[in-house]
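Asker: Provided herewith: final01.txt, compact mmCIF, C-alpha atoms.
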```
# COMPACT_ATOMS: atom_id res chain seq x y z
CA MET A 1 0.00 0.00 0.00
CA ALA A 2 1.07 3.55 -0.68
CA THR A 3 -0.56 6.95 -0.23
CA TYR A 4 -1.12 9.25 -3.18
CA GLN A 5 -2.31 12.84 -3.41
CA LEU A 6 -4.38 13.13 -6.56
CA ASN A 7 -5.74 16.25 -8.18
CA VAL A 8 -9.18 15.20 -9.42
CA ASN A 9 -11.43 17.79 -11.03
CA GLY A 10 -9.50 20.53 -9.29
CA GLN A 11 -9.75 18.96 -5.85
CA SER A 12 -7.01 17.28 -3.88
CA LYS A 13 -7.83 13.69 -2.96
CA GLU A 14 -5.75 11.34 -0.83
CA VAL A 15 -5.90 7.62 -1.43
CA SER A 16 -4.04 4.68 0.08
CA VAL A 17 -3.89 1.84 -2.40
CA ASP A 18 -1.56 -0.70 -3.95
CA PRO A 19 0.70 1.18 -6.42
CA SER A 20 -0.35 -1.13 -9.24
CA THR A 21 -4.05 -0.27 -8.89
CA PRO A 22 -5.38 1.13 -12.16
CA LEU A 23 -6.58 4.73 -11.93
CA LEU A 24 -10.07 3.55 -12.94
CA TRP A 25 -10.48 1.54 -9.76
CA VAL A 26 -9.12 4.33 -7.61
CA LEU A 27 -11.75 6.66 -9.07
CA ARG A 28 -14.60 4.19 -8.81
CA GLU A 29 -13.82 2.24 -5.64
CA GLU A 30 -11.81 4.65 -3.52
CA LEU A 31 -13.29 7.99 -4.55
CA LYS A 32 -16.74 6.63 -5.45
CA MET A 33 -16.74 8.54 -8.72
CA THR A 34 -18.61 5.99 -10.78
CA GLY A 35 -19.19 8.11 -13.88
CA THR A 36 -16.06 6.62 -15.42
CA LYS A 37 -16.96 3.13 -16.61
CA TYR A 38 -15.24 -0.23 -16.72
CA GLY A 39 -15.67 -1.73 -20.17
CA CYS A 40 -12.96 -4.11 -21.34
CA GLY A 41 -10.13 -3.54 -18.87
CA ILE A 42 -7.53 -3.66 -21.64
CA SER A 43 -7.88 -0.16 -23.13
CA ALA A 44 -9.71 -1.49 -26.16
CA CYS A 45 -13.13 0.14 -25.75
CA GLY A 46 -12.61 3.66 -24.36
CA ALA A 47 -15.34 3.50 -21.69
CA CYS A 48 -12.79 4.37 -18.98
CA THR A 49 -11.43 7.49 -20.70
CA VAL A 50 -10.48 10.41 -18.46
CA HIS A 51 -8.13 13.33 -19.02
CA VAL A 52 -4.70 13.29 -17.40
CA ALA A 53 -2.88 16.59 -17.89
CA GLY A 54 -5.27 17.26 -20.75
CA ILE A 55 -4.54 13.99 -22.54
CA ALA A 56 -7.38 11.52 -23.06
CA THR A 57 -6.19 8.55 -21.03
CA ARG A 58 -7.41 4.98 -20.67
CA SER A 59 -7.68 4.78 -16.89
CA CYS A 60 -8.12 1.01 -16.84
CA VAL A 61 -4.48 0.36 -17.80
CA VAL A 62 -2.65 3.19 -16.06
CA PRO A 63 -1.48 2.35 -12.54
CA VAL A 64 -2.14 5.09 -10.03
CA SER A 65 1.58 5.17 -9.19
CA MET A 66 2.24 6.64 -12.66
CA ILE A 67 -0.08 9.62 -12.33
CA GLY A 68 2.20 11.79 -10.19
CA ASP A 69 1.01 15.36 -9.85
CA ARG A 70 -0.74 15.51 -13.20
CA PRO A 71 -4.31 16.82 -12.90
CA ILE A 72 -7.13 14.39 -13.64
CA VAL A 73 -10.48 15.40 -15.13
CA THR A 74 -13.35 12.93 -15.17
CA ILE A 75 -16.84 13.01 -16.60
CA GLU A 76 -17.99 14.46 -13.28
CA GLY A 77 -15.77 17.52 -13.79
CA VAL A 78 -15.55 18.02 -17.53
CA GLY A 79 -18.71 20.17 -17.57
CA GLN A 80 -16.81 22.85 -15.65
CA ASP A 81 -14.70 23.34 -18.76
CA PRO A 82 -16.19 25.56 -21.52
CA VAL A 83 -15.54 22.97 -24.24
CA GLY A 84 -16.81 20.19 -22.01
CA GLN A 85 -19.98 22.13 -21.32
CA VAL A 86 -20.63 22.70 -25.03
CA VAL A 87 -20.07 19.03 -25.78
CA GLN A 88 -22.38 17.86 -23.03
CA ASN A 89 -25.09 20.24 -24.26
CA ALA A 90 -24.64 18.97 -27.81
CA TRP A 91 -25.03 15.41 -26.52
CA ILE A 92 -28.36 16.40 -24.98
CA GLU A 93 -29.43 18.38 -28.03
CA LYS A 94 -28.79 15.44 -30.37
CA ASP A 95 -30.18 12.91 -27.88
CA VAL A 96 -27.07 10.81 -28.44
CA VAL A 97 -27.39 8.37 -25.60
CA GLN A 98 -29.11 5.01 -25.80
CA CYS A 99 -28.04 2.72 -22.95
CA GLY A 100 -25.41 5.29 -22.01
CA TYR A 101 -22.75 2.96 -20.66
CA CYS A 102 -20.00 4.11 -23.03
CA GLN A 103 -21.05 7.74 -23.22
CA SER A 104 -18.85 9.19 -20.50
CA GLY A 105 -15.85 7.85 -22.38
CA GLN A 106 -17.27 9.09 -25.68
CA ILE A 107 -17.72 12.59 -24.25
CA MET A 108 -14.23 12.66 -22.75
CA SER A 109 -12.73 11.67 -26.11
CA ALA A 110 -14.88 14.19 -28.00
CA VAL A 111 -13.76 16.97 -25.67
CA ALA A 112 -10.11 16.00 -26.18
CA LEU A 113 -10.64 16.02 -29.95
CA LEU A 114 -12.34 19.43 -29.99
CA LYS A 115 -9.73 20.96 -27.72
CA ALA A 116 -7.04 19.87 -30.17
CA THR A 117 -9.04 20.52 -33.34
CA SER A 118 -11.98 22.88 -33.02
CA LYS A 119 -13.12 22.20 -36.59
CA PRO A 120 -12.51 18.48 -37.07
CA THR A 121 -13.00 16.86 -40.45
CA GLU A 122 -14.90 13.62 -40.93
CA THR A 123 -11.52 11.86 -40.96
CA ASN A 124 -10.45 13.57 -37.73
CA ILE A 125 -13.66 12.42 -36.04
CA GLU A 126 -13.35 8.91 -37.42
CA GLU A 127 -9.73 8.54 -36.32
CA SER A 128 -10.05 10.16 -32.91
CA MET A 129 -13.29 8.45 -31.94
CA GLY A 130 -12.32 5.14 -33.53
CA GLY A 131 -11.13 3.77 -30.20
CA ASN A 132 -14.42 4.36 -28.41
CA LEU A 133 -16.86 1.54 -28.94
CA CYS A 134 -20.65 1.79 -28.58
CA ARG A 135 -22.62 -1.45 -28.61
CA CYS A 136 -25.84 0.51 -29.16
CA ALA A 137 -24.20 1.90 -32.30
CA THR A 138 -24.96 5.53 -31.56
CA TYR A 139 -22.08 6.52 -33.80
CA VAL A 140 -24.19 8.61 -36.19
CA ARG A 141 -25.55 10.76 -33.39
CA ILE A 142 -22.10 11.00 -31.78
CA ARG A 143 -20.78 12.49 -35.03
CA GLU A 144 -23.70 14.90 -35.25
CA ALA A 145 -23.13 16.05 -31.69
CA ILE A 146 -19.41 16.60 -32.30
CA LYS A 147 -20.18 18.65 -35.41
CA SER A 148 -22.80 20.64 -33.54
CA ALA A 149 -20.37 21.35 -30.71
CA SER A 150 -17.73 22.32 -33.24
CA GLN A 151 -20.07 24.88 -34.81
CA GLN A 152 -20.76 26.38 -31.42
CA LEU A 153 -17.06 26.57 -30.61
CA THR A 154 -15.97 28.27 -33.84
CA MET B 1 85.87 -0.92 -85.89
CA LEU B 2 83.84 -4.09 -86.19
CA ALA B 3 84.93 -5.25 -82.72
CA SER B 4 84.06 -1.97 -81.12
CA GLN B 5 80.64 -1.98 -82.82
CA ARG B 6 80.00 -5.49 -81.48
CA LEU B 7 81.03 -4.37 -78.01
CA LEU B 8 78.72 -1.38 -78.17
CA GLY B 9 75.85 -3.62 -79.32
CA ARG B 10 76.42 -5.98 -76.41
CA VAL B 11 76.48 -3.10 -73.92
CA VAL B 12 73.24 -1.68 -75.35
CA LEU B 13 71.63 -5.12 -75.25
CA PHE B 14 72.78 -5.67 -71.67
CA ALA B 15 71.48 -2.26 -70.64
CA LEU B 16 68.17 -3.01 -72.32
CA VAL B 17 67.83 -6.35 -70.51
CA VAL B 18 68.65 -4.72 -67.18
CA ALA B 19 66.15 -1.94 -67.81
CA VAL B 20 63.37 -4.35 -68.78
CA THR B 21 64.09 -6.51 -65.75
CA LEU B 22 64.00 -3.50 -63.43
CA VAL B 23 60.73 -2.26 -64.90
CA ALA B 24 59.23 -5.73 -64.58
CA MET B 25 60.35 -5.99 -60.94
CA LEU B 26 59.00 -2.55 -60.09
CA ALA B 27 55.70 -3.27 -61.79
CA ARG B 28 55.35 -6.56 -59.91
CA GLY B 29 56.13 -4.85 -56.60
CA ALA B 30 53.61 -2.13 -57.25
CA ALA B 31 50.95 -4.66 -58.16
CA LYS B 32 51.65 -6.62 -54.99
CA PHE B 33 51.42 -3.41 -52.94
CA GLY B 34 48.10 -2.55 -54.64
CA GLU B 35 46.80 -6.03 -54.03
CA ALA B 36 47.70 -5.80 -50.36
CA LYS B 37 46.03 -2.42 -50.04
CA THR B 38 42.89 -3.60 -51.85
CA SER B 39 42.80 -6.72 -49.74
CA ALA B 40 42.92 -4.68 -46.51
CA VAL B 41 40.05 -2.47 -47.71
CA ASP B 42 38.02 -5.51 -48.77
CA THR B 43 38.54 -7.13 -45.39
CA LYS B 44 37.43 -4.01 -43.55
CA VAL B 45 34.30 -3.69 -45.70
CA ALA B 46 33.54 -7.39 -45.29
CA GLU B 47 33.86 -7.07 -41.52
CA GLY B 48 31.65 -3.98 -41.61
CA LEU B 49 29.01 -5.79 -43.64
CA ALA B 50 29.07 -8.73 -41.24
CA ALA B 51 28.61 -6.32 -38.34
CA TRP B 52 25.74 -4.63 -40.19
CA GLN B 53 23.97 -7.99 -40.56
CA GLN B 54 24.05 -8.30 -36.77
CA VAL B 55 22.66 -4.79 -36.42
CA TYR B 56 19.97 -5.62 -39.00
CA SER B 57 18.94 -8.71 -37.05
CA VAL B 58 18.12 -6.44 -34.10
CA LEU B 59 16.43 -3.69 -36.11
CA THR B 60 14.07 -6.20 -37.66
CA SER B 61 13.19 -7.90 -34.38
CA PRO B 62 9.64 -7.19 -33.16
CA ARG B 63 10.72 -4.96 -30.28
CA CYS B 64 12.19 -2.53 -32.83
CA ILE B 65 10.39 -2.97 -36.11
CA ASN B 66 6.86 -2.92 -34.66
CA CYS B 67 7.14 0.87 -34.50
CA HIS B 68 8.97 1.26 -37.82
CA THR B 69 5.98 0.54 -40.03
CA ALA B 70 5.18 1.94 -43.46
CA THR B 71 1.47 2.02 -42.70
CA ASN B 72 -0.63 4.41 -40.61
CA TYR B 73 -0.63 2.09 -37.61
CA PRO B 74 1.88 0.46 -35.25
CA GLN B 75 2.18 -3.26 -34.70
CA GLN B 76 2.44 -5.29 -31.53
CA GLY B 77 3.46 -8.75 -30.40
CA ASP B 78 6.06 -11.16 -31.71
CA ASP B 79 3.75 -11.95 -34.62
CA ARG B 80 3.77 -8.22 -35.43
CA HIS B 81 0.00 -7.95 -35.76
CA ARG B 82 -1.72 -4.62 -36.24
CA HIS B 83 -2.11 -2.69 -32.97
CA PHE B 84 -5.59 -3.26 -31.58
CA ALA B 85 -8.13 -0.51 -30.79
CA ASN B 86 -7.86 1.30 -34.14
CA ILE B 87 -4.65 3.07 -33.21
CA ILE B 88 -3.64 5.60 -35.88
CA ARG B 89 -0.15 6.94 -36.58
CA GLY B 90 -1.15 10.61 -36.63
CA ALA B 91 0.76 13.49 -38.16
CA GLU B 92 3.70 13.28 -35.76
CA GLY B 93 3.67 9.55 -35.10
CA LYS B 94 2.15 10.08 -31.67
CA GLY B 95 -1.43 9.06 -32.40
CA VAL B 96 -4.38 11.41 -32.84
CA PRO B 97 -6.29 13.60 -30.37
CA ALA B 98 -8.22 11.39 -27.95
CA LEU B 99 -6.19 8.39 -29.07
CA ASN B 100 -2.57 9.33 -28.46
CA CYS B 101 0.18 6.80 -27.83
CA VAL B 102 0.44 8.25 -24.32
CA SER B 103 -3.26 7.62 -23.73
CA CYS B 104 -2.01 4.22 -22.56
CA HIS B 105 1.80 4.14 -22.82
CA GLN B 106 3.29 5.93 -19.83
CA GLU B 107 6.91 6.81 -19.05
CA SER B 108 7.72 3.26 -17.95
CA ASN B 109 6.34 -0.25 -18.33
CA ALA B 110 3.12 -0.93 -16.46
CA ASP B 111 3.76 -4.56 -15.64
CA SER B 112 0.56 -4.87 -13.60
CA THR B 113 -1.55 -4.14 -16.69
CA GLY B 114 0.88 -5.34 -19.36
CA VAL B 115 1.16 -2.03 -21.18
CA PRO B 116 4.73 -1.20 -22.22
CA GLY B 117 6.01 2.30 -21.65
CA GLY B 118 9.01 4.54 -22.12
CA SER B 119 9.96 8.14 -22.54
CA ASN B 120 8.02 9.87 -25.32
CA TRP B 121 6.42 6.74 -26.74
CA HIS B 122 5.85 7.23 -30.46
CA LEU B 123 6.22 5.71 -33.90
CA ALA B 124 9.36 6.16 -35.94
CA PRO B 125 8.87 8.64 -38.80
CA LEU B 126 7.89 7.23 -42.19
CA SER B 127 11.36 8.10 -43.48
CA MET B 128 12.60 5.41 -41.10
CA ARG B 129 10.10 2.77 -42.17
CA TRP B 130 11.74 -0.62 -42.27
CA GLN B 131 8.75 -2.47 -43.68
CA ASP B 132 6.74 -2.42 -46.87
CA MET B 133 3.01 -1.69 -47.08
CA ASN B 134 2.32 -5.40 -46.57
CA ASP B 135 4.08 -5.27 -43.19
CA GLN B 136 7.04 -7.28 -44.47
CA PRO B 137 10.56 -6.22 -43.35
CA LEU B 138 12.60 -4.48 -46.04
CA SER B 139 15.82 -6.08 -47.24
CA SER B 140 19.08 -5.60 -45.38
CA ALA B 141 20.29 -3.31 -48.18
CA ALA B 142 17.16 -1.14 -48.08
CA VAL B 143 17.17 -0.75 -44.29
CA CYS B 144 20.89 0.06 -44.37
CA ARG B 145 20.31 2.75 -46.99
CA ALA B 146 17.52 4.26 -44.89
CA VAL B 147 19.58 4.22 -41.71
CA THR B 148 22.60 5.83 -43.37
CA ASP B 149 20.75 8.41 -45.47
CA ARG B 150 21.17 11.65 -43.55
CA SER B 151 18.25 13.22 -45.37
CA ARG B 152 16.06 10.52 -43.81
CA ASN B 153 17.69 9.75 -40.45
CA GLU B 154 17.54 13.17 -38.80
CA ASN B 155 21.00 13.98 -40.13
CA MET B 156 22.85 11.36 -38.08
CA ASP B 157 26.36 10.41 -39.13
CA GLY B 158 28.01 7.18 -38.03
CA ARG B 159 29.02 8.56 -34.65
CA ALA B 160 25.49 9.85 -34.01
CA LEU B 161 24.02 6.49 -35.04
CA LEU B 162 26.29 4.75 -32.55
CA LYS B 163 25.24 7.15 -29.82
CA HIS B 164 21.58 6.61 -30.76
CA HIS B 165 21.99 2.85 -30.41
CA GLU B 166 23.90 3.26 -27.17
CA GLN B 167 21.69 5.77 -25.39
CA ALA B 168 18.28 6.52 -26.95
CA ALA B 169 15.56 5.75 -24.43
CA LEU B 170 13.28 3.85 -26.78
CA VAL B 171 16.23 1.85 -28.14
CA LEU B 172 17.18 0.86 -24.59
CA TRP B 173 13.55 -0.08 -23.93
CA ALA B 174 13.90 -3.00 -26.37
CA TRP B 175 16.11 -4.74 -23.78
CA SER B 176 13.73 -4.11 -20.89
CA PRO B 177 10.34 -4.40 -22.56
CA GLY B 178 8.44 -5.54 -19.48
CA ARG B 179 5.66 -8.06 -19.13
CA ARG B 180 2.82 -8.93 -21.45
CA PRO B 181 -0.75 -8.68 -20.15
CA ASP B 182 -0.58 -12.41 -19.35
CA GLY B 183 2.38 -11.76 -17.03
CA THR B 184 5.06 -13.40 -19.19
CA MET B 185 8.14 -11.45 -20.22
CA ARG B 186 8.30 -9.98 -23.70
CA THR B 187 10.97 -11.50 -25.89
CA LEU B 188 14.23 -9.64 -26.38
CA PRO B 189 16.17 -8.81 -29.57
CA PRO B 190 18.58 -11.52 -30.76
CA LEU B 191 21.68 -9.74 -29.39
CA THR B 192 22.33 -8.25 -25.99
CA HIS B 193 22.48 -4.47 -25.92
CA ALA B 194 26.25 -4.61 -25.43
CA GLU B 195 26.62 -6.89 -28.47
CA PHE B 196 24.34 -4.61 -30.48
CA VAL B 197 26.41 -1.53 -29.61
CA GLU B 198 29.65 -3.38 -30.38
CA ALA B 199 28.31 -4.52 -33.76
CA THR B 200 27.23 -0.96 -34.50
CA ARG B 201 30.70 0.29 -33.52
CA ARG B 202 32.41 -2.16 -35.89
CA TRP B 203 30.02 -1.22 -38.68
CA VAL B 204 30.59 2.50 -38.12
CA GLU B 205 34.37 2.06 -37.94
CA ALA B 206 34.22 0.24 -41.29
CA GLY B 207 32.52 3.29 -42.80
CA THR B 208 28.86 2.13 -42.45
CA PRO B 209 29.00 -0.08 -45.56
CA CYS B 210 25.69 -1.30 -46.95
CA PRO B 211 25.01 -4.53 -48.82
CA LYS B 212 24.38 -4.19 -52.55
CA PRO B 213 20.71 -4.34 -53.53
CA ARG B 214 19.74 -7.65 -55.09
```
Mind turning the file's structure into structure tokens?

Answerer:
Amino acid sequence: MATYQLNVNGQSKEVSVDPSTPLLWVLREELKMTGTKYGCGISACGACTVHVAGIATRSCVVPVSMIGDRPIVTIEGVGQDPVGQVVQNAWIEKDVVQCGYCQSGQIMSAVALLKATSKPTETNIEESMGGNLCRCATYVRIREAIKSASQQLT
Amino acid sequence: MLASQRLLGRVVLFALVVAVTLVAMLARGAAKFGEAKTSAVDTKVAEGLAAWQQVYSVLTSPRCINCHTATNYPQQGDDRHRHFANIIRGAEGKGVPALNCVSCHQESNADSTGVPGGSNWHLAPLSMRWQDMNDQPLSSAAVCRAVTDRSRNENMDGRALLKHHEQAALVLWAWSPGRRPDGTMRTLPPLTHAEFVEATRRWVEAGTPCPKPR
């Protein structure tokens, strides 16, 4: 066991866990922030995506010992960010969600994309969102929401 | 008069024979010297080419060549399959927004989850591709040309190449690649790092010779 001071959504959080514990389980089990989802556990589906120092990160494969002092933003905090707020509103506007399980990861990836590229092309969207799987196949509405958010941001 | 003419003829003939003999001896000596010089150069080049083949055996091992693709994706595993999860090369070889290499690959290996890591994890530039578009390794001659072409290798001369092989973080990673997700150790290149550096040194000292294309 080791103790870590984490910066999560702008707040300092202390956790005492095994250093090899994936960030996902620290968020969900230790901090009870269950908005970030467990999907595949091998970084193949994107459901666990959070931002670490602004980089979309697959929290299921990153041990907490590797986070250091880098700030973490989760789905619970991304709405505090102007881009995150626009994306979440676009998700509501386009009624993207079906079962919703993957959507927190989808939104976190979409925010990362739009922060890097405010006017993404179809190819940009396809490539950047290609690692986020949705078993309900809401992909068409996800694209529409990203384009809508892009229009509002530019 | 006749006797003196005969004498003169004999002297001239003798002088001619001596001259021809001397020229022949000098020519033979020069040829031998040239042969010796050529032989030394040939030996050095041959040794350099043999050393390069050792270097090539490492460069084309999965730990190295999986990130020296010609395609828009990296590979993984000893069978060099396409990286899962739709990973894309991206403009700078570091993935694309929301799907960067560092979305998973941290500064060091994560043995508990089986994800390899190292400083600034990224793909080699396309100028340093060592495979064709069918994911087959290029020939020894083609890889050697790429590695030694300063317009393609970030302007590295032989000394810089040696330093790269000795010290570059992602090169060193190949000899400490960590555990796979199933907990087993990843396989290593066919030479130790020390052997690899020594082979590179011998190749560089021989003038970085490259095999002739077939």

Asker: Give me, as a ChimeraX atom specification, the residues of chain A touching chain B, with the criterion being at most 6 Å (counting all atoms listed in the file).

Answerer: /A:20,44,56-58,61,109,112-113,128,130-131

Asker: Set the distance at 9 Å and use all atoms listed in the file: which residues neighbour Ala110 (chain A) once local chain neighbours fewer than 3 positions away are removed? I'd like the list as a list in words.

Answerer: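 Near neighbours after the sequence-gap exclusion: Gly84, Val87, Gly105, Gln106, Ile107, Leu113, Leu114, Lys115, Ile125, Ser128, Met129, Ile142 and Ile146 of chain A; Pro97 and Ala98 of chain B.
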
Asker: What's the 10 Å shell around region 147-156 of chain B, counting only C-alpha atoms, without same-chain residues fewer than 3 positions away, as an NGL selection string?

Answerer: :B and (125-130 or 141-144 or 159-164 or 208-210)

Asker: If you measure from CA of Leu27 (chain A) to CA of Val52 (chain A), what distance in Å do you get, rounded to one decimal?

Answerer: 12.8 Å

Asker: Considering all atoms listed in the file, can you say which of A:Gln103, A:Ser16, A:Gln151, A:Thr123 comes closest to Thr36 (chain A)?

Answerer: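 Once distances to Thr36 (chain A) are computed over all atoms listed in the file, the minimum belongs to A:Gln103.
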
Asker: Just want the 9 Å neighbourhood of Arg80 (chain B), counted on all atoms listed in the file, with same-chain residues fewer than 2 positions away dropped. Output as a list in words.

Answerer: Pro62, Ile65, Asn66, Pro74, Gln75, Gln76, Gly77, Asp78, Arg82, His83 and Asp135 of chain B

Asker: Given the selection you just returned, output its residues as a file containing C-alpha atoms, formatted as a PDB file, in the coordinates of the input.

Answerer:
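Ended up saving to again-v1.pdb:
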```
ATOM      1  CA  PRO B  62       9.640  -7.190 -33.160  1.00  0.00           C
ATOM      2  CA  ILE B  65      10.390  -2.970 -36.110  1.00  0.00           C
ATOM      3  CA  ASN B  66       6.860  -2.920 -34.660  1.00  0.00           C
ATOM      4  CA  PRO B  74       1.880   0.460 -35.250  1.00  0.00           C
ATOM      5  CA  GLN B  75       2.180  -3.260 -34.700  1.00  0.00           C
ATOM      6  CA  GLN B  76       2.440  -5.290 -31.530  1.00  0.00           C
ATOM      7  CA  GLY B  77       3.460  -8.750 -30.400  1.00  0.00           C
ATOM      8  CA  ASP B  78       6.060 -11.160 -31.710  1.00  0.00           C
ATOM      9  CA  ARG B  82      -1.720  -4.620 -36.240  1.00  0.00           C
ATOM     10  CA  HIS B  83      -2.110  -2.690 -32.970  1.00  0.00           C
ATOM     11  CA  ASP B 135       4.080  -5.270 -43.190  1.00  0.00           C
TER      12      ASP B 135
END
```
